[in-house]
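Trainee: Handing you this structure, nothing more for now.
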Amino acid sequence: MIVFLRSISAEFAKILTTRMWWILALVLFFYIALLAGGLAALFGGINTGAIGPGAAGTPGGAPPVDSLPPLIYSFASSVGYVFPVLIGALATTGEFRHQTLTPTFLATPRRLGVLGAKGTSMFVVGALYGAIALAASVGIGALVMNGFGIDPQLADSATWALVGRSVLAMALWATIGVGLGVLVPNQVATIVIVLAFTQFVEPLLRLASSFTEVTAGIGQYLPGAASDALVGASFFSVASAPSSSTASLEWWQGGLVLLAYAAAAGIAGYFSSWKKDVT
């Protein structure tokens with residue numbers, strides 16, 4: 001146990017002594033703040049009559065006032081999840097790129113323990129990213145909605161349950177990034193895969209799967225859909241056509257699906273690259 005705790009401490013030192021983690025954190029905060037504040041103002045203006053309903057640009061129009069706060073707050077995970085995936089993947093692929101795995105394995109020969117320590121440390125970093133993203137979506141979003149006379153529901157326990165589940169989702173996404181980085185050690189390839197899948201491939205798959213009940217049942221197991229189920233709200237539901245099927249897992253099922261993705265990627269990567277000679 002002492003060796004494992006030392007490995008975790010070493011992993012934190014590796015990530016916190018670089019600039020990448022706080023640069024991504026800053027970009028995450030301002031990106032989510034812009035989206036949450038902008039859409040809170042748009043939908044708030046529509047619901048109060050200050051802006052025409054056609055400005056929403058979504059098939060179902062503006063969401064009801066009561067469902068607006070959770071949707072705005074969920075931007076932290078439904079849009080910001082790419083950041084913990086990236087930091088988790090970069091933390092792992094950087095080891096291969098800069099060949100720092102060699103001294104790490106010499107100091108700690110049990111490679112599975114090293115991988116577990118990296119996953120644990122990045123889980124915490126992912127949770128930190130979740131808190132940063134929520135500071136933007138809740139802080140800015142609530143301020144804007146309050147300005148339009150919409151109750152931000154900050155006194156509602158359901159809101160804080162959503163906040164807690166969002167932090168958990170972001171933490172799990174970081175561990176998925178670790179698993180992906182082990183599975184695909186090439187850093188450039190991993191970045192391309194993360195960006196292509198999260199920004200293009202999965203949104204298209206989720207849209208395509210929503211047109212029938214059969215495909216919707218399959219689509220709910222996509223990682224992004226599972227993450228939205230865990231959180232309990234997502235802007236994707238507003239952007240979808242009203243006639244589309246919107247099957248969704250329970251929040252705990254969504255969490256288990258995300259955990260399964262992280263475990264599957266980590267186990268596959270462990271046997272395909274982590275156990276190989278890195279000298």
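Labeling convention for the structure tokens: chains A, B, ... as they appear, residues from 1 per chain, ligands from 1 in order of appearance.
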With only C-alpha atoms as the counted atoms, please give the residues lying no more than 8 Å from A:Gln253, apart from itself and same-chain residues fewer than 5 positions off, as a list of chain:residue names.
Mentor: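 The neighbour list is A:Ala226, A:Ala229, A:Leu230.
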Trainee: Pull N, CA and C atoms from the residues just selected and write them as a PDB file, in the first residue's frame.
Mentor:
ATOM      1  N   ALA A 226     -23.986   7.546 -22.229  1.00  0.00           N
ATOM      2  CA  ALA A 226     -23.896   7.024 -20.864  1.00  0.00           C
ATOM      3  C   ALA A 226     -23.515   8.133 -19.886  1.00  0.00           C
ATOM      4  N   ALA A 229     -26.526  10.201 -19.241  1.00  0.00           N
ATOM      5  CA  ALA A 229     -27.439   9.483 -18.349  1.00  0.00           C
ATOM      6  C   ALA A 229     -26.972   9.578 -16.903  1.00  0.00           C
ATOM      7  N   LEU A 230     -25.672   9.483 -16.701  1.00  0.00           N
ATOM      8  CA  LEU A 230     -25.116   9.613 -15.353  1.00  0.00           C
ATOM      9  C   LEU A 230     -25.404  10.990 -14.774  1.00  0.00           C
TER      10      LEU A 230
END
Trainee: Would you mind listing, for every residue of stretch 156-198 of chain A within 6 Å of stretch 120-134 of chain A, the two atoms forming the shortest contact and the distance between them in Å to one decimal, using only C-alpha atoms, sorted by chain and ascending residue number, as a Markdown table?
Mentor:
| residue | atom | partner | partner_atom | distance |
| --- | --- | --- | --- | --- |
| A:Val167 | CA | A:Gly130 | CA | 4.6 |
| A:Met170 | CA | A:Gly130 | CA | 5.2 |
| A:Ala171 | CA | A:Gly126 | CA | 3.9 |
| A:Ala174 | CA | A:Gly126 | CA | 5.0 |
| A:Thr175 | CA | A:Phe123 | CA | 5.7 |
Trainee: Given only C-alpha atoms as the basis, pick out the residue of A:Gly80, A:Gly254, A:Gly139, A:Pro152 nearest to A:Val231.
Mentor: A:Gly254
Trainee: Closest to A:Gln187 among A:Ala233, A:Leu26, A:Leu86, A:Ala225, using only C-alpha atoms?
Mentor: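 The answer is A:Leu86, which sits nearest to A:Gln187.
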Trainee: Restricting the calculation to only C-alpha atoms, which member of A:Leu5, A:Leu183, A:Leu35, A:Ala10 is positioned closest to A:Thr92?
Mentor: A:Leu183
